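Below: one structure, written as structure tokens.
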Amino acid sequence: MKIGISNDHHGVELKNKIIKYLHERGIECINFGTNDNENVDYVEYAVKLCTAINEKQVDLGILICGTGIGMSIAANKIKGIRCGKVSTVREAALTKEHNMANVIALSEYTENVEEIVDAFINTKYSTEERHIRRIEEIAQLEK
């Protein structure tokens with residue numbers, strides 16, 4: 001498994017914490033984000049990560065900005081990306097299972113981030129017909 005991670009100037013500290021955590025668990029992580037606190041536009045960094053997902057350079061992605069909302073909006077404009085803005089372990093698991101999210105977006109203030117990342121990585125996509133049908137309906141909106 002290979003995880004992509006990207007951030008704007010708000011997410012540098014949390015990104016570094018997540019990268020360290022993933023490396024300690026033996027999970028490869030590719031950094032697509034900025035590495036300093038100089039003001040940047042989050043859209044550019046969402047596109048970098050989502051492009052890597054679509055090009056199969058990484059399996060899943062984590063986006064971080066001040067609230068996580070801007071990154072999630074930008075990511076969801078990209079065909080093939082299903083990004084959930086999550087704040088809890090339960091939301092991370094459910095967006096992966098039910099919505100088959102391939103990206104999560106986090107606020108720089110996210111607590112319990114290790115548990116959230118674990119839930120996102122370890123949860124399997126649902127095989128229930130209702131969830132598959134809904135994802136297919138969403139994909140139709142991309143055309």
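For the structure tokens, the naming scheme is as follows: chains receive sequential letters (A, B, ...) according to their order of presentation, residues are indexed from 1 within each chain, and ligands are indexed from 1 in presentation order.
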From a DSSP pass on the backbone, collect the residues of range 4-140 of chain A flagged as strand (DSSP E or B) and hand them back as an mmCIF file with N, CA and C atoms, in the first residue's frame.
data_model
loop_
_atom_site.group_PDB
_atom_site.id
_atom_site.type_symbol
_atom_site.label_atom_id
_atom_site.label_comp_id
_atom_site.auth_asym_id
_atom_site.auth_seq_id
_atom_site.Cartn_x
_atom_site.Cartn_y
_atom_site.Cartn_z
ATOM 1 N N GLY A 4 -0.578 8.707 -0.568
ATOM 2 C CA GLY A 4 -0.165 10.052 -0.945
ATOM 3 C C GLY A 4 -0.701 11.032 0.082
ATOM 4 N N ILE A 5 0.062 12.059 0.363
ATOM 5 C CA ILE A 5 -0.370 13.070 1.324
ATOM 6 C C ILE A 5 -0.006 14.441 0.768
ATOM 7 N N SER A 6 -0.921 15.379 0.914
ATOM 8 C CA SER A 6 -0.676 16.719 0.401
ATOM 9 C C SER A 6 -1.325 17.736 1.329
ATOM 10 N N ASN A 7 -0.732 18.912 1.362
ATOM 11 C CA ASN A 7 -1.192 19.944 2.294
ATOM 12 C C ASN A 7 -0.861 21.322 1.761
ATOM 13 N N GLU A 28 4.508 2.998 2.948
ATOM 14 C CA GLU A 28 5.155 4.004 2.107
ATOM 15 C C GLU A 28 4.232 5.193 1.926
ATOM 16 N N CYS A 29 4.813 6.366 1.965
ATOM 17 C CA CYS A 29 4.048 7.605 1.871
ATOM 18 C C CYS A 29 4.779 8.571 0.941
ATOM 19 N N ILE A 30 4.046 9.155 0.003
ATOM 20 C CA ILE A 30 4.624 10.138 -0.905
ATOM 21 C C ILE A 30 4.053 11.511 -0.576
ATOM 22 N N ASN A 31 4.929 12.467 -0.371
ATOM 23 C CA ASN A 31 4.565 13.825 0.016
ATOM 24 C C ASN A 31 4.382 14.689 -1.230
ATOM 25 N N LEU A 60 -4.189 5.485 -1.996
ATOM 26 C CA LEU A 60 -5.133 6.330 -1.261
ATOM 27 C C LEU A 60 -4.469 7.666 -0.986
ATOM 28 N N GLY A 61 -5.292 8.670 -0.650
ATOM 29 C CA GLY A 61 -4.732 9.978 -0.387
ATOM 30 C C GLY A 61 -5.293 10.654 0.843
ATOM 31 N N ILE A 62 -4.469 11.519 1.417
ATOM 32 C CA ILE A 62 -4.847 12.336 2.570
ATOM 33 C C ILE A 62 -4.515 13.781 2.222
ATOM 34 N N LEU A 63 -5.509 14.650 2.332
ATOM 35 C CA LEU A 63 -5.340 16.080 2.092
ATOM 36 C C LEU A 63 -5.514 16.834 3.400
ATOM 37 N N ILE A 64 -4.739 17.894 3.592
ATOM 38 C CA ILE A 64 -4.829 18.687 4.824
ATOM 39 C C ILE A 64 -4.787 20.173 4.465
ATOM 40 N N CYS A 65 -5.744 20.924 4.994
ATOM 41 C CA CYS A 65 -5.703 22.386 4.922
ATOM 42 C C CYS A 65 -6.278 22.904 6.241
ATOM 43 N N CYS A 83 -13.710 12.127 -2.288
ATOM 44 C CA CYS A 83 -13.043 12.625 -1.086
ATOM 45 C C CYS A 83 -14.073 12.957 -0.015
ATOM 46 N N GLY A 84 -13.846 12.450 1.181
ATOM 47 C CA GLY A 84 -14.676 12.796 2.318
ATOM 48 C C GLY A 84 -13.900 13.640 3.311
ATOM 49 N N LYS A 85 -14.497 14.731 3.729
ATOM 50 C CA LYS A 85 -13.903 15.560 4.780
ATOM 51 C C LYS A 85 -14.296 14.898 6.087
ATOM 52 N N VAL A 103 -9.847 9.278 -1.047
ATOM 53 C CA VAL A 103 -9.141 10.390 -0.422
ATOM 54 C C VAL A 103 -9.946 10.852 0.783
ATOM 55 N N ILE A 104 -9.229 11.254 1.841
ATOM 56 C CA ILE A 104 -9.878 11.959 2.944
ATOM 57 C C ILE A 104 -9.219 13.326 3.077
ATOM 58 N N ALA A 105 -10.003 14.269 3.567
ATOM 59 C CA ALA A 105 -9.496 15.614 3.832
ATOM 60 C C ALA A 105 -9.624 15.880 5.326
ATOM 61 N N LEU A 106 -8.567 16.463 5.878
ATOM 62 C CA LEU A 106 -8.501 16.726 7.311
ATOM 63 C C LEU A 106 -8.247 18.200 7.584
ATOM 64 N N SER A 107 -8.753 18.659 8.704
ATOM 65 C CA SER A 107 -8.402 19.975 9.223
ATOM 66 C C SER A 107 -7.047 19.890 9.894
#
Go through chain A and collect every residue that DSSP, computed from the backbone, puts in alpha helix (DSSP H); the answer should be as a PyMOL selection string.
chain A and resi 12-24+42-54+69-75+89-97+113-122+129-141
Quick one: which range 1-74 of chain A residues come within 10 Å of range 112-132 of chain A, and what is the nearest atom pair for each with the distance in Å to one decimal, counting only C-alpha atoms, rows ordered by chain and ascending number, as a Markdown table?
| residue | atom | partner | partner_atom | distance |
| --- | --- | --- | --- | --- |
| A:Met1 | CA | A:Ile121 | CA | 8.9 |
| A:Ile3 | CA | A:Ile121 | CA | 8.8 |
| A:Leu14 | CA | A:Val113 | CA | 8.5 |
| A:Lys17 | CA | A:Val113 | CA | 8.8 |
| A:Ile18 | CA | A:Glu114 | CA | 7.1 |
| A:Tyr21 | CA | A:Glu114 | CA | 7.2 |
| A:Leu22 | CA | A:Glu114 | CA | 8.8 |
| A:Asp59 | CA | A:Ile121 | CA | 9.7 |
| A:Leu60 | CA | A:Ile121 | CA | 7.8 |
| A:Gly61 | CA | A:Ile121 | CA | 9.5 |
| A:Ile62 | CA | A:Val117 | CA | 8.5 |
N, CA, C and O atoms of the current selection, written as a tab-separated table (two decimals), in the first residue's frame:
chain	number	residue	atom	x	y	z
A	1	MET	N	0.84	-1.18	0.00
A	1	MET	CA	0.00	0.00	0.00
A	1	MET	C	0.89	1.25	0.00
A	1	MET	O	1.86	1.31	0.73
A	3	ILE	N	0.51	5.48	0.24
A	3	ILE	CA	-0.38	6.59	0.58
A	3	ILE	C	0.24	7.89	0.09
A	3	ILE	O	1.41	8.17	0.33
A	14	LEU	N	0.77	18.74	10.83
A	14	LEU	CA	-0.02	17.51	10.88
A	14	LEU	C	0.47	16.52	9.83
A	14	LEU	O	0.55	15.32	10.09
A	17	LYS	N	3.46	14.71	11.07
A	17	LYS	CA	3.07	13.74	12.10
A	17	LYS	C	2.52	12.47	11.45
A	17	LYS	O	2.87	11.36	11.85
A	18	ILE	N	1.69	12.63	10.43
A	18	ILE	CA	1.10	11.48	9.74
A	18	ILE	C	2.17	10.69	9.00
A	18	ILE	O	2.20	9.46	9.05
A	21	TYR	N	4.11	8.65	11.42
A	21	TYR	CA	3.28	7.53	11.88
A	21	TYR	C	3.22	6.42	10.82
A	21	TYR	O	3.39	5.24	11.14
A	22	LEU	N	2.99	6.79	9.57
A	22	LEU	CA	2.90	5.79	8.51
A	22	LEU	C	4.23	5.07	8.32
A	22	LEU	O	4.26	3.84	8.17
A	59	ASP	N	-2.19	4.61	-3.77
A	59	ASP	CA	-3.45	3.88	-3.64
A	59	ASP	C	-4.55	4.72	-3.01
A	59	ASP	O	-5.72	4.64	-3.40
A	60	LEU	N	-4.19	5.48	-2.00
A	60	LEU	CA	-5.13	6.33	-1.26
A	60	LEU	C	-4.47	7.67	-0.99
A	60	LEU	O	-3.25	7.77	-1.03
A	61	GLY	N	-5.29	8.67	-0.65
A	61	GLY	CA	-4.73	9.98	-0.39
A	61	GLY	C	-5.29	10.65	0.84
A	61	GLY	O	-6.43	10.41	1.24
A	62	ILE	N	-4.47	11.52	1.42
A	62	ILE	CA	-4.85	12.34	2.57
A	62	ILE	C	-4.51	13.78	2.22
A	62	ILE	O	-3.38	14.09	1.85
Can you work out the spacing between CA of Lys20 in chain A and CA of Val47 in chain A in Å, to one decimal?
23.1 Å
Using CA of Arg90 in chain A and CA of Glu111 in chain A as the two end points, give the distance in Å to one decimal.
13.0 Å
Hey, can you check how far CA of Glu108 in chain A sits from CA of Ile78 in chain A?
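Taking CA of Glu108 in chain A as the start and CA of Ile78 in chain A as the end point, the length is 22.4 Å.
In terms of minimum interatomic distance to Cys50 in chain A, A:Ser72 ranks closest within A:Tyr109, A:Ser72, A:Lys15, A:Val86, counting only C-alpha atoms.
Comparing the minimum interatomic distances between Glu44 in chain A and each of A:Ala139, A:Ala75, A:Ile81, A:Met100, counting only C-alpha atoms, we find that A:Ala75 sits nearest.
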Report as a VMD selection string all protein, DNA and RNA residues lying within 9 Å of Glu38 in chain A, evaluated on only C-alpha atoms, omitting residues in the same chain fewer than 4 positions from it.
chain A and resid 8 to 9 34
Go through A:Glu91, A:Thr67, A:Phe32, A:Glu97 and flag the residue nearest Ala52 in chain A, using only C-alpha atoms for the distances.
A:Phe32
So that I can check the surroundings of Ile138 in chain A, please list as a PyMOL selection string every protein, DNA and RNA residue that reaches within 12 Å of it, counting only C-alpha atoms and ignoring chain neighbours fewer than 3 positions away.
chain A and resi 76-77+79-82+99-101+131-135+141-143
I need the chosen residues saved as an mmCIF file, in the first residue's frame, with N, CA, C and O atoms.
data_model
loop_
_atom_site.group_PDB
_atom_site.id
_atom_site.type_symbol
_atom_site.label_atom_id
_atom_site.label_comp_id
_atom_site.auth_asym_id
_atom_site.auth_seq_id
_atom_site.Cartn_x
_atom_site.Cartn_y
_atom_site.Cartn_z
ATOM 1 N N ASN A 76 -12.986 16.847 -5.063
ATOM 2 C CA ASN A 76 -14.199 16.262 -5.622
ATOM 3 C C ASN A 76 -14.577 16.821 -6.984
ATOM 4 O O ASN A 76 -15.490 16.298 -7.630
ATOM 5 N N LYS A 77 -13.869 17.809 -7.457
ATOM 6 C CA LYS A 77 -14.073 18.318 -8.818
ATOM 7 C C LYS A 77 -13.307 17.484 -9.842
ATOM 8 O O LYS A 77 -13.514 17.628 -11.041
ATOM 9 N N LYS A 79 -12.385 14.162 -11.764
ATOM 10 C CA LYS A 79 -13.000 12.895 -12.147
ATOM 11 C C LYS A 79 -12.245 11.732 -11.513
ATOM 12 O O LYS A 79 -11.017 11.696 -11.510
ATOM 13 N N GLY A 80 -13.002 10.787 -10.949
ATOM 14 C CA GLY A 80 -12.410 9.594 -10.355
ATOM 15 C C GLY A 80 -12.065 9.724 -8.884
ATOM 16 O O GLY A 80 -11.711 8.744 -8.243
ATOM 17 N N ILE A 81 -12.201 10.915 -8.336
ATOM 18 C CA ILE A 81 -11.876 11.134 -6.929
ATOM 19 C C ILE A 81 -13.160 11.193 -6.115
ATOM 20 O O ILE A 81 -14.130 11.846 -6.491
ATOM 21 N N ARG A 82 -13.138 10.490 -5.002
ATOM 22 C CA ARG A 82 -14.218 10.551 -4.021
ATOM 23 C C ARG A 82 -13.561 10.884 -2.689
ATOM 24 O O ARG A 82 -12.903 10.046 -2.082
ATOM 25 N N ASN A 99 -18.944 5.113 0.836
ATOM 26 C CA ASN A 99 -18.751 6.027 -0.294
ATOM 27 C C ASN A 99 -17.557 5.648 -1.154
ATOM 28 O O ASN A 99 -17.271 6.306 -2.146
ATOM 29 N N MET A 100 -16.853 4.597 -0.740
ATOM 30 C CA MET A 100 -15.670 4.125 -1.452
ATOM 31 C C MET A 100 -14.701 5.276 -1.714
ATOM 32 O O MET A 100 -14.123 5.408 -2.794
ATOM 33 N N ALA A 101 -14.526 6.108 -0.693
ATOM 34 C CA ALA A 101 -13.615 7.250 -0.805
ATOM 35 C C ALA A 101 -12.197 6.761 -1.035
ATOM 36 O O ALA A 101 -11.747 5.806 -0.406
ATOM 37 N N HIS A 131 -24.594 0.329 -1.920
ATOM 38 C CA HIS A 131 -23.445 1.232 -1.930
ATOM 39 C C HIS A 131 -22.813 1.294 -3.320
ATOM 40 O O HIS A 131 -22.457 2.376 -3.798
ATOM 41 N N ILE A 132 -22.697 0.164 -3.972
ATOM 42 C CA ILE A 132 -22.148 0.123 -5.328
ATOM 43 C C ILE A 132 -23.033 0.930 -6.274
ATOM 44 O O ILE A 132 -22.531 1.723 -7.086
ATOM 45 N N ARG A 133 -24.340 0.769 -6.157
ATOM 46 C CA ARG A 133 -25.287 1.501 -7.005
ATOM 47 C C ARG A 133 -25.129 3.011 -6.814
ATOM 48 O O ARG A 133 -25.074 3.771 -7.779
ATOM 49 N N ARG A 134 -24.983 3.437 -5.583
ATOM 50 C CA ARG A 134 -24.857 4.875 -5.309
ATOM 51 C C ARG A 134 -23.553 5.440 -5.861
ATOM 52 O O ARG A 134 -23.523 6.556 -6.382
ATOM 53 N N ILE A 135 -22.478 4.679 -5.773
ATOM 54 C CA ILE A 135 -21.193 5.131 -6.324
ATOM 55 C C ILE A 135 -21.291 5.225 -7.843
ATOM 56 O O ILE A 135 -20.768 6.161 -8.457
ATOM 57 N N LEU A 141 -22.488 11.488 -12.629
ATOM 58 C CA LEU A 141 -22.473 12.953 -12.533
ATOM 59 C C LEU A 141 -21.186 13.544 -13.110
ATOM 60 O O LEU A 141 -21.152 14.719 -13.461
ATOM 61 N N GLU A 142 -20.141 12.738 -13.215
ATOM 62 C CA GLU A 142 -18.857 13.197 -13.720
ATOM 63 C C GLU A 142 -18.821 13.311 -15.240
ATOM 64 O O GLU A 142 -17.876 13.867 -15.780
ATOM 65 N N LYS A 143 -19.810 12.792 -15.909
ATOM 66 C CA LYS A 143 -19.784 12.785 -17.385
ATOM 67 C C LYS A 143 -20.223 14.113 -17.959
ATOM 68 O O LYS A 143 -20.848 14.924 -17.427
#
